[in-house]
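**Q** Just passing along the structure, written as structure tokens.
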Amino acid sequence: MNTERIHDEFPAPSYRGNQRDALDDIRDAFAAGNDVVLVRAPTGSGKSLLARAIAGCARRADEASPSDATDAYYTTPQVSQLDDAAADPLLDDLNVIRGKGNYTCILPNEEGTPVNQAPCVRESGYDCSVKHRCPYFSDRAIASNRRIAAMTLAYFMQTAGSDVFRKRDVCVIDEAHGLAEWAEMYATVELGPRSVPIWDDLRVPDVDSVERAVEYADALVGTCERRKDDLLAQAELTADEARTRDRLQELISELNWFVDDYRDPDSATEWLVDQEAAGSRGGDAGGEGGPLTIKPLNPEKYLKHTVWDRGNRFALLSATILDKVAFCRQVGLDPADVALVDVGHTFPVEHRPLYDVTQGKMTYAERDETLPDVARVLVRIMQRHGDEKGLVHCHSYAIQERLRDLLADFGVADRVRSHDRDGRDDALETWKATDDPDVFLSVKMEEALDLEGDLARWQVVCKAPFPNTNDSRVAHRLEDDQWAWYYRTTLRTVIQACGRVVRAPDDHGATYLADSSLLDLFDRARSAMPDWFHDQVDRMTRPDLPAFDPGAASSGTGGTGRSRSSGRRRSGGDGGKSESTETSGRSRGSSSSDGSSSSEKKSPIADVWDTE
């Protein structure tokens, strides 16, 4: 790696904000001998441009011996970020490769067939006459032979051990804060009707321990191999049979990984097993067990194979790696061997205000009482932003549905949009494309969503996004008293959410907090806050919202801002009068709206235990 090239490799014609200083610090961190550099850069820092400059420092083929690793990988967990990189003319030398299912076959009569179901997959020994023009194999060949190959983290992990995508000199991982969680998700083994194509033919025992799960996994591997071999013996397969064959092979690999890792005395991975009730299989289960989920905690060995063995040097970029030591331990790195580069925030704090509109707690037990008040305050926020689009982070589909119904009851449904599980992307893009000041009720869109400018001028966080305590991994960590991890993980999601509507130094957008548990979170996780978010929290006020008037919210007559066609910033940063001097809201230590003190000492579980 030649870090002296880092400025020459920067793809933009000029620097913005702290980019020049950030590149200097990154260069110096690698030059000091660190193989891994964490780059903590807030929203709007231009992380993809920094990533491209780092990748450009990778050793080139003409600088290396035949046995040396050369070139670079760029990877991110978020498909939308990969799409953004592919569309950015400044990043046109990032050669993107996606999974086979994202490409369609070009053979006659197969034009609508995904490549992972094409004749080359279905028919044994099929010799494709147009393979050299196949969009998947063409992209793969280009990416594997160019200086920078770009792919999702899922594809990157799946190609570990590949002869095509071998070890490279430099690996850049964008949005790396969730690397441990993503690895846990990829290493999880799901055994149920959706994931096991021969599920209906299996007899699943009651599994009351990890040891029993290992025994069953061993036996299931043999069953899957026999069924796969039967399919391989056929000269031609249907599309469904080809999918079954491929899924069986994936399942065999997943099960073998679990069994081998569990039996490895040197593995640090701890495994947990959840099993659904036997009745979930339908009918009389006859004493059999239900679907199984085999989950790893901190799968360091999995990351070593799929990530750390894939490069010589690594740059991990994120706005929300909140604790270097904790992050490193989660992903199997020695903190002493990892450098941290902090990039300062360049967005004026008054352009990204936080507003306290808390109405009570949104835990499962208290949600029914709190949600009607949240809906009423949302109507008042819609009035205040009568001519501006807004986003509501609902956290779950149950909250989204209830909130949508309440808003319809108030008569403002004509200004409200939402999505379901299957139509997320289409609904989002349709809302983004409209010029109407509509409100979008979203679920799990706290990350990788760019709503710059008039795409959204305000947002509401309905519920503190605590990890689901019904997840055995979460429950296990809490039983182990890992409350710092729990609050830090939640804070990370909140910070990510707050960055959705302010995307540039001259952009502005308001974030309203509706769940009083968020105030408790800020108190408990204060030491983990980046300085720039600390400033936002300290400036938080209680806004002076209009009196409840659904008619004004629906018609758009209640807004205080100027026309949406104006891209100019308003004083106060969110479209009304400047709120920086308001004192009508409570201070950070005063009583919350439900009558309890945000700093009151009590069991942490009282505020965060949830079942959804």
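Chain lettering (A, B, ...) mirrors the order of the structure tokens, residue numbering begins at 1 for each chain separately, and ligand numbering begins at 1 in order of display.
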Write out as a PyMOL selection string the residues lying within 8 Å of Thr320 of chain A, counting only C-alpha atoms and excluding same-chain residues fewer than 3 positions away.
**A** chain A and resi 40+42+177+492+495-496
**Q** Print the selection's residues with all heavy atoms to a file, as a PDB file, in the first residue's frame.
**A**
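Contents of selection_18.pdb, freshly written:
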```pdb
ATOM      1  N   ARG A  40     -13.967   7.548  11.577  1.00  0.00           N
ATOM      2  CA  ARG A  40     -15.268   7.962  12.119  1.00  0.00           C
ATOM      3  C   ARG A  40     -15.620   9.310  11.512  1.00  0.00           C
ATOM      4  O   ARG A  40     -15.130  10.357  11.938  1.00  0.00           O
ATOM      5  CB  ARG A  40     -15.194   8.034  13.649  1.00  0.00           C
ATOM      6  CG  ARG A  40     -16.526   8.276  14.304  1.00  0.00           C
ATOM      7  CD  ARG A  40     -16.510   7.846  15.765  1.00  0.00           C
ATOM      8  NE  ARG A  40     -15.448   8.498  16.535  1.00  0.00           N
ATOM      9  CZ  ARG A  40     -15.102   8.138  17.770  1.00  0.00           C
ATOM     10  NH1 ARG A  40     -15.718   7.129  18.364  1.00  0.00           N
ATOM     11  NH2 ARG A  40     -14.144   8.783  18.405  1.00  0.00           N
ATOM     12  N   PRO A  42     -18.788  11.801  10.133  1.00  0.00           N
ATOM     13  CA  PRO A  42     -20.234  12.019  10.206  1.00  0.00           C
ATOM     14  C   PRO A  42     -20.869  12.176   8.825  1.00  0.00           C
ATOM     15  O   PRO A  42     -20.180  12.312   7.806  1.00  0.00           O
ATOM     16  CB  PRO A  42     -20.353  13.313  11.020  1.00  0.00           C
ATOM     17  CG  PRO A  42     -19.057  14.017  10.813  1.00  0.00           C
ATOM     18  CD  PRO A  42     -18.020  12.938  10.672  1.00  0.00           C
ATOM     19  N   HIS A 177     -20.049   0.136  10.988  1.00  0.00           N
ATOM     20  CA  HIS A 177     -20.440   0.074  12.398  1.00  0.00           C
ATOM     21  C   HIS A 177     -21.207  -1.193  12.749  1.00  0.00           C
ATOM     22  O   HIS A 177     -21.152  -1.675  13.871  1.00  0.00           O
ATOM     23  CB  HIS A 177     -21.281   1.297  12.773  1.00  0.00           C
ATOM     24  CG  HIS A 177     -22.446   1.526  11.869  1.00  0.00           C
ATOM     25  ND1 HIS A 177     -22.351   2.307  10.722  1.00  0.00           N
ATOM     26  CD2 HIS A 177     -23.724   1.069  11.894  1.00  0.00           C
ATOM     27  CE1 HIS A 177     -23.519   2.319  10.116  1.00  0.00           C
ATOM     28  NE2 HIS A 177     -24.366   1.570  10.802  1.00  0.00           N
ATOM     29  N   ARG A 492     -26.588   4.375  18.518  1.00  0.00           N
ATOM     30  CA  ARG A 492     -26.044   4.342  17.156  1.00  0.00           C
ATOM     31  C   ARG A 492     -27.163   4.454  16.126  1.00  0.00           C
ATOM     32  O   ARG A 492     -27.049   5.213  15.145  1.00  0.00           O
ATOM     33  CB  ARG A 492     -25.274   3.030  16.958  1.00  0.00           C
ATOM     34  CG  ARG A 492     -24.486   2.939  15.676  1.00  0.00           C
ATOM     35  CD  ARG A 492     -23.815   1.582  15.591  1.00  0.00           C
ATOM     36  NE  ARG A 492     -24.775   0.517  15.354  1.00  0.00           N
ATOM     37  CZ  ARG A 492     -24.509  -0.778  15.520  1.00  0.00           C
ATOM     38  NH1 ARG A 492     -23.330  -1.163  15.981  1.00  0.00           N
ATOM     39  NH2 ARG A 492     -25.421  -1.685  15.239  1.00  0.00           N
ATOM     40  N   ILE A 495     -28.606   8.065  16.120  1.00  0.00           N
ATOM     41  CA  ILE A 495     -27.717   9.004  15.426  1.00  0.00           C
ATOM     42  C   ILE A 495     -27.822   8.816  13.919  1.00  0.00           C
ATOM     43  O   ILE A 495     -27.869   9.786  13.159  1.00  0.00           O
ATOM     44  CB  ILE A 495     -26.269   8.832  15.911  1.00  0.00           C
ATOM     45  CG1 ILE A 495     -26.139   9.239  17.383  1.00  0.00           C
ATOM     46  CG2 ILE A 495     -25.309   9.660  15.060  1.00  0.00           C
ATOM     47  CD1 ILE A 495     -24.770   8.965  17.977  1.00  0.00           C
ATOM     48  N   GLN A 496     -27.868   7.555  13.484  1.00  0.00           N
ATOM     49  CA  GLN A 496     -28.043   7.297  12.056  1.00  0.00           C
ATOM     50  C   GLN A 496     -29.354   7.904  11.555  1.00  0.00           C
ATOM     51  O   GLN A 496     -29.402   8.534  10.499  1.00  0.00           O
ATOM     52  CB  GLN A 496     -28.022   5.788  11.789  1.00  0.00           C
ATOM     53  CG  GLN A 496     -26.663   5.138  11.915  1.00  0.00           C
ATOM     54  CD  GLN A 496     -25.775   5.403  10.727  1.00  0.00           C
ATOM     55  OE1 GLN A 496     -26.241   5.768   9.644  1.00  0.00           O
ATOM     56  NE2 GLN A 496     -24.476   5.236  10.902  1.00  0.00           N
TER      57      GLN A 496
END
```
**Q** Residues of segment 458-507 of chain A that approach segment 392-400 of chain A to 8 Å or less, counting only C-alpha atoms: could you list each one with the shortest pair of atoms and its distance in Å to one decimal, rows by chain and increasing residue number, as CSV?
**A**
```
residue,atom,partner,partner_atom,distance
A:Gln459,CA,A:Val392,CA,5.4
A:Val460,CA,A:Val392,CA,4.7
A:Val461,CA,A:His393,CA,5.0
A:Cys462,CA,A:Cys394,CA,5.5
A:Lys463,CA,A:His395,CA,6.4
A:Pro465,CA,A:His395,CA,6.4
A:Ala497,CA,A:His393,CA,7.9
```
**Q** Just give me the gap between atom CA of Ala58 of chain A and atom CA of Ala315 of chain A in Å, one decimal is fine.
**A** 11.5 Å
**Q** DSSP on the backbone: what in segment 153-291 of chain A comes out helix (DSSP H, G or I), as JSON, numbers by chain?
**A** {"A": [153, 154, 155, 156, 157, 158, 176, 177, 178, 179, 180, 181, 182, 183, 184, 185, 186, 187, 199, 200, 201, 210, 211, 212, 213, 214, 215, 216, 217, 218, 219, 220, 221, 222, 223, 224, 225, 226, 227, 228, 229, 230, 231, 232, 239, 240, 241, 242, 243, 244, 245, 246, 247, 248, 249, 250, 251, 252, 253, 254, 255, 256, 257, 258, 259, 260, 261, 262, 263, 278, 279, 280, 281]}
**Q** When distances are computed from only C-alpha atoms, which of A:Arg417, A:Ile173, A:Leu82, A:Glu452 shows the smallest separation from Val501 of chain A?
**A**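 Once distances to Val501 of chain A are computed over only C-alpha atoms, the minimum belongs to A:Glu452.
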**Q** When you look at segment 26-39 of chain A with a cut-off of 8 Å (counting only C-alpha atoms), what residues show up, excluding the ones that are within fewer than 6 positions of it in the same chain? I need them as a count of residues only.
**A** 17
**Q** Using only C-alpha atoms, find each residue in segment 130-222 of chain A having at least one atom no more than 12 Å away from segment 259-271 of chain A; report its shortest atom-to-atom pair and that distance in Å (one decimal), rows by chain then rising number, as a tab-separated table.
**A**
```
residue	atom	partner	partner_atom	distance
A:Ala180	CA	A:Thr269	CA	11.9
A:Ala183	CA	A:Thr269	CA	11.6
A:Glu184	CA	A:Thr269	CA	10.1
A:Ala187	CA	A:Trp271	CA	10.4
A:Thr188	CA	A:Trp271	CA	9.4
A:Val189	CA	A:Trp271	CA	10.6
A:Ser209	CA	A:Trp271	CA	9.9
A:Val210	CA	A:Trp271	CA	6.9
A:Glu211	CA	A:Tyr262	CA	8.8
A:Arg212	CA	A:Val259	CA	11.1
A:Ala213	CA	A:Val259	CA	8.9
A:Val214	CA	A:Val259	CA	5.8
A:Glu215	CA	A:Val259	CA	8.6
A:Tyr216	CA	A:Val259	CA	9.9
A:Ala217	CA	A:Val259	CA	7.1
A:Asp218	CA	A:Val259	CA	7.2
A:Ala219	CA	A:Val259	CA	10.9
A:Leu220	CA	A:Val259	CA	11.3
A:Val221	CA	A:Val259	CA	10.1
```
**Q** Return the single residue from A:Asp127, A:Glu190, A:Asp24, A:Asp538 that is closest to Tyr355 of chain A, with distances computed using only C-alpha atoms.
**A**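 Of all the options, A:Asp538 lies closest to Tyr355 of chain A.
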**Q** Write out as an NGL selection string which residues come within 12 Å of Gln158 of chain A when counting only C-alpha atoms, dropping same-chain ones fewer than 2 positions away.
**A** :A and (98-99 or 151-156 or 160-162 or 164-165 or 183 or 186-187 or 250 or 253-254 or 302-303 or 305-307 or 310)
**Q** Keeping only N, CA and C atoms, write the selected residues as an mmCIF file, in the first residue's frame.
**A**
```
data_model
loop_
_atom_site.group_PDB
_atom_site.id
_atom_site.type_symbol
_atom_site.label_atom_id
_atom_site.label_comp_id
_atom_site.auth_asym_id
_atom_site.auth_seq_id
_atom_site.Cartn_x
_atom_site.Cartn_y
_atom_site.Cartn_z
ATOM 1 N N ARG A 98 -22.691 -7.655 -8.653
ATOM 2 C CA ARG A 98 -23.798 -8.037 -7.774
ATOM 3 C C ARG A 98 -24.028 -9.542 -7.879
ATOM 4 N N GLY A 99 -24.906 -10.051 -7.032
ATOM 5 C CA GLY A 99 -25.240 -11.463 -7.081
ATOM 6 C C GLY A 99 -25.987 -11.821 -8.356
ATOM 7 N N MET A 151 -18.728 -4.254 -4.231
ATOM 8 C CA MET A 151 -19.779 -5.246 -4.027
ATOM 9 C C MET A 151 -20.406 -5.053 -2.656
ATOM 10 N N THR A 152 -21.570 -5.663 -2.458
ATOM 11 C CA THR A 152 -22.179 -5.620 -1.131
ATOM 12 C C THR A 152 -21.371 -6.505 -0.186
ATOM 13 N N LEU A 153 -21.530 -6.249 1.104
ATOM 14 C CA LEU A 153 -20.846 -7.066 2.101
ATOM 15 C C LEU A 153 -21.303 -8.518 2.016
ATOM 16 N N ALA A 154 -22.573 -8.739 1.703
ATOM 17 C CA ALA A 154 -23.085 -10.107 1.574
ATOM 18 C C ALA A 154 -22.338 -10.851 0.464
ATOM 19 N N TYR A 155 -22.211 -10.227 -0.700
ATOM 20 C CA TYR A 155 -21.511 -10.866 -1.821
ATOM 21 C C TYR A 155 -20.038 -11.065 -1.481
ATOM 22 N N PHE A 156 -19.450 -10.072 -0.820
ATOM 23 C CA PHE A 156 -18.046 -10.150 -0.426
ATOM 24 C C PHE A 156 -17.815 -11.357 0.484
ATOM 25 N N ALA A 160 -15.789 -15.557 -0.190
ATOM 26 C CA ALA A 160 -14.579 -15.946 0.543
ATOM 27 C C ALA A 160 -14.107 -17.316 0.049
ATOM 28 N N GLY A 161 -12.831 -17.439 -0.251
ATOM 29 C CA GLY A 161 -12.281 -18.677 -0.779
ATOM 30 C C GLY A 161 -12.419 -18.817 -2.278
ATOM 31 N N SER A 162 -13.006 -17.806 -2.929
ATOM 32 C CA SER A 162 -13.211 -17.857 -4.373
ATOM 33 C C SER A 162 -11.888 -17.723 -5.123
ATOM 34 N N VAL A 164 -11.908 -16.468 -8.017
ATOM 35 C CA VAL A 164 -12.109 -15.252 -8.816
ATOM 36 C C VAL A 164 -11.790 -14.016 -7.991
ATOM 37 N N PHE A 165 -12.338 -13.944 -6.796
ATOM 38 C CA PHE A 165 -12.111 -12.787 -5.930
ATOM 39 C C PHE A 165 -11.174 -13.194 -4.787
ATOM 40 N N ALA A 183 -22.294 -9.912 10.476
ATOM 41 C CA ALA A 183 -21.653 -11.224 10.491
ATOM 42 C C ALA A 183 -22.500 -12.235 11.255
ATOM 43 N N TYR A 186 -25.292 -13.246 8.915
ATOM 44 C CA TYR A 186 -24.876 -14.132 7.832
ATOM 45 C C TYR A 186 -24.537 -15.525 8.344
ATOM 46 N N ALA A 187 -24.019 -15.624 9.576
ATOM 47 C CA ALA A 187 -23.612 -16.915 10.121
ATOM 48 C C ALA A 187 -24.761 -17.653 10.794
ATOM 49 N N GLU A 250 -26.036 -24.561 -0.191
ATOM 50 C CA GLU A 250 -25.800 -23.484 0.777
ATOM 51 C C GLU A 250 -26.055 -23.979 2.201
ATOM 52 N N SER A 253 -23.296 -26.118 3.542
ATOM 53 C CA SER A 253 -22.149 -25.301 3.954
ATOM 54 C C SER A 253 -22.415 -24.625 5.291
ATOM 55 N N GLU A 254 -23.628 -24.078 5.463
ATOM 56 C CA GLU A 254 -23.969 -23.405 6.715
ATOM 57 C C GLU A 254 -23.921 -24.374 7.900
ATOM 58 N N TYR A 302 -15.769 -16.472 12.004
ATOM 59 C CA TYR A 302 -16.465 -16.261 10.735
ATOM 60 C C TYR A 302 -15.929 -15.021 10.031
ATOM 61 N N LEU A 303 -15.722 -13.941 10.787
ATOM 62 C CA LEU A 303 -15.174 -12.727 10.193
ATOM 63 C C LEU A 303 -13.744 -12.913 9.723
ATOM 64 N N HIS A 305 -12.420 -15.530 8.395
ATOM 65 C CA HIS A 305 -12.456 -16.224 7.108
ATOM 66 C C HIS A 305 -13.030 -15.349 5.998
ATOM 67 N N THR A 306 -14.122 -14.643 6.306
ATOM 68 C CA THR A 306 -14.855 -13.927 5.257
ATOM 69 C C THR A 306 -14.374 -12.496 5.037
ATOM 70 N N VAL A 307 -13.672 -11.915 6.024
ATOM 71 C CA VAL A 307 -13.254 -10.518 5.900
ATOM 72 C C VAL A 307 -11.748 -10.355 6.114
ATOM 73 N N ARG A 310 -9.103 -11.472 3.716
ATOM 74 C CA ARG A 310 -9.308 -11.045 2.325
ATOM 75 C C ARG A 310 -8.449 -9.852 1.926
#
```
**Q** Tell me, as a list of chain:residue names, which residues lie within 9 Å of Phe522 of chain A, counting only C-alpha atoms; anything in the same chain fewer than 4 positions away does not count.
**A**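 That gives A:Tyr487, A:Leu491, A:Ser517, A:Leu518, A:Arg526, A:Met529, A:Val537.
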**Q** Report, in Å with one decimal, the straight-line distance from atom CA of Leu248 of chain A to atom CA of Pro299 of chain A.
**A**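 Spanning atom CA of Leu248 of chain A to atom CA of Pro299 of chain A is a straight-line distance of 22.9 Å.
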**Q** Which one is closest to Lys444 of chain A: A:Leu391, A:Val96, A:Met185, A:Leu406? Count only C-alpha atoms.
**A** A:Leu391
**Q** Please provide the set of residues having any atom within 8 Å of Asp356 of chain A, restricted to only C-alpha atoms, with same-chain residues fewer than 4 positions apart removed, written as a list in words.
**A**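 Returned residues: Tyr512, Leu513, Ala514, Met540, Thr541, Arg542, Pro543 and Gly585 of chain A.
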**Q** Put those residues in a file: N, CA, C and O atoms, as a PDB file, in the first residue's frame.
**A**
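Okay, out_24.pdb is ready:
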```pdb
ATOM      1  N   TYR A 512     -37.770  15.442  15.438  1.00  0.00           N
ATOM      2  CA  TYR A 512     -38.638  15.478  16.612  1.00  0.00           C
ATOM      3  C   TYR A 512     -38.607  14.105  17.299  1.00  0.00           C
ATOM      4  O   TYR A 512     -38.742  13.073  16.639  1.00  0.00           O
ATOM      5  N   LEU A 513     -38.449  14.111  18.613  1.00  0.00           N
ATOM      6  CA  LEU A 513     -38.369  12.882  19.392  1.00  0.00           C
ATOM      7  C   LEU A 513     -39.659  12.701  20.178  1.00  0.00           C
ATOM      8  O   LEU A 513     -40.010  13.534  21.010  1.00  0.00           O
ATOM      9  N   ALA A 514     -40.375  11.590  19.915  1.00  0.00           N
ATOM     10  CA  ALA A 514     -41.707  11.407  20.495  1.00  0.00           C
ATOM     11  C   ALA A 514     -41.735  10.424  21.661  1.00  0.00           C
ATOM     12  O   ALA A 514     -42.726  10.393  22.395  1.00  0.00           O
ATOM     13  N   MET A 540     -31.240  20.795  22.511  1.00  0.00           N
ATOM     14  CA  MET A 540     -32.617  20.345  22.299  1.00  0.00           C
ATOM     15  C   MET A 540     -33.606  21.178  23.110  1.00  0.00           C
ATOM     16  O   MET A 540     -33.373  21.481  24.285  1.00  0.00           O
ATOM     17  N   THR A 541     -34.700  21.559  22.469  1.00  0.00           N
ATOM     18  CA  THR A 541     -35.738  22.351  23.122  1.00  0.00           C
ATOM     19  C   THR A 541     -37.112  21.738  22.870  1.00  0.00           C
ATOM     20  O   THR A 541     -37.275  20.835  22.055  1.00  0.00           O
ATOM     21  N   ARG A 542     -38.085  22.258  23.570  1.00  0.00           N
ATOM     22  CA  ARG A 542     -39.482  21.861  23.381  1.00  0.00           C
ATOM     23  C   ARG A 542     -40.129  22.906  22.470  1.00  0.00           C
ATOM     24  O   ARG A 542     -40.227  24.078  22.848  1.00  0.00           O
ATOM     25  N   PRO A 543     -40.544  22.544  21.268  1.00  0.00           N
ATOM     26  CA  PRO A 543     -41.015  23.549  20.319  1.00  0.00           C
ATOM     27  C   PRO A 543     -42.415  24.050  20.640  1.00  0.00           C
ATOM     28  O   PRO A 543     -43.212  23.378  21.305  1.00  0.00           O
ATOM     29  N   GLY A 585     -39.520  24.252  26.913  1.00  0.00           N
ATOM     30  CA  GLY A 585     -39.345  22.823  27.131  1.00  0.00           C
ATOM     31  C   GLY A 585     -38.541  22.567  28.382  1.00  0.00           C
ATOM     32  O   GLY A 585     -37.959  23.459  28.973  1.00  0.00           O
TER      33      GLY A 585
END
```
**Q** Could you tell me which of A:Glu236, A:Glu111, A:Glu225, A:Asp174 comes closest to Leu251 of chain A if we count only C-alpha atoms?
**A**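 Checking each of A:Glu236, A:Glu111, A:Glu225, A:Asp174 against Leu251 of chain A, counting only C-alpha atoms, the winner is A:Glu225.
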**Q** One decimal, in Å: what's the spacing between atom CA of Asp334 of chain A and atom CA of Asp531 of chain A?
**A**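 Interatomic distance here is 25.0 Å.
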**Q** So which one's closest to Asp520 of chain A, A:Ser555, A:Gln330, A:Ser144, A:Thr490? Using only C-alpha atoms, please.
**A**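 Smallest separation from Asp520 of chain A among the options: A:Thr490.
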**Q** Would you kindly return, as a ChimeraX atom specification, each protein, DNA or RNA residue with an atom no farther than 8 Å from any atom of Asp507 of chain A, considering only C-alpha atoms and excluding same-chain residues fewer than 2 positions away?
**A** /A:351,452-453,502-505,509,569
**Q** Generate the output file for the selected residues, N, CA and C atoms, as a CSV table (one decimal), in the first residue's frame.
**A**
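Output (part.csv):
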```csv
chain,number,residue,atom,x,y,z
A,351,HIS,N,-28.6,24.0,12.0
A,351,HIS,CA,-29.3,23.4,10.8
A,351,HIS,C,-29.8,22.0,11.1
A,452,GLU,N,-31.8,14.7,1.0
A,452,GLU,CA,-31.2,16.0,0.9
A,452,GLU,C,-32.2,17.0,0.4
A,453,GLY,N,-32.1,18.2,0.9
A,453,GLY,CA,-33.0,19.3,0.4
A,453,GLY,C,-34.4,19.1,0.7
A,502,VAL,N,-30.5,15.8,6.9
A,502,VAL,CA,-29.5,16.9,6.8
A,502,VAL,C,-28.3,16.3,6.1
A,503,ARG,N,-28.1,16.6,4.9
A,503,ARG,CA,-27.1,15.9,4.1
A,503,ARG,C,-25.9,16.8,3.6
A,504,ALA,N,-26.0,18.0,3.8
A,504,ALA,CA,-24.9,18.9,3.3
A,504,ALA,C,-24.8,20.1,4.2
A,505,PRO,N,-23.7,20.9,4.2
A,505,PRO,CA,-23.5,22.0,5.1
A,505,PRO,C,-24.6,23.1,5.0
A,509,GLY,N,-32.8,20.5,8.5
A,509,GLY,CA,-33.9,19.6,8.7
A,509,GLY,C,-34.1,19.4,10.2
A,569,ARG,N,-32.3,28.5,3.1
A,569,ARG,CA,-32.4,28.1,4.5
A,569,ARG,C,-33.2,29.1,5.2
```
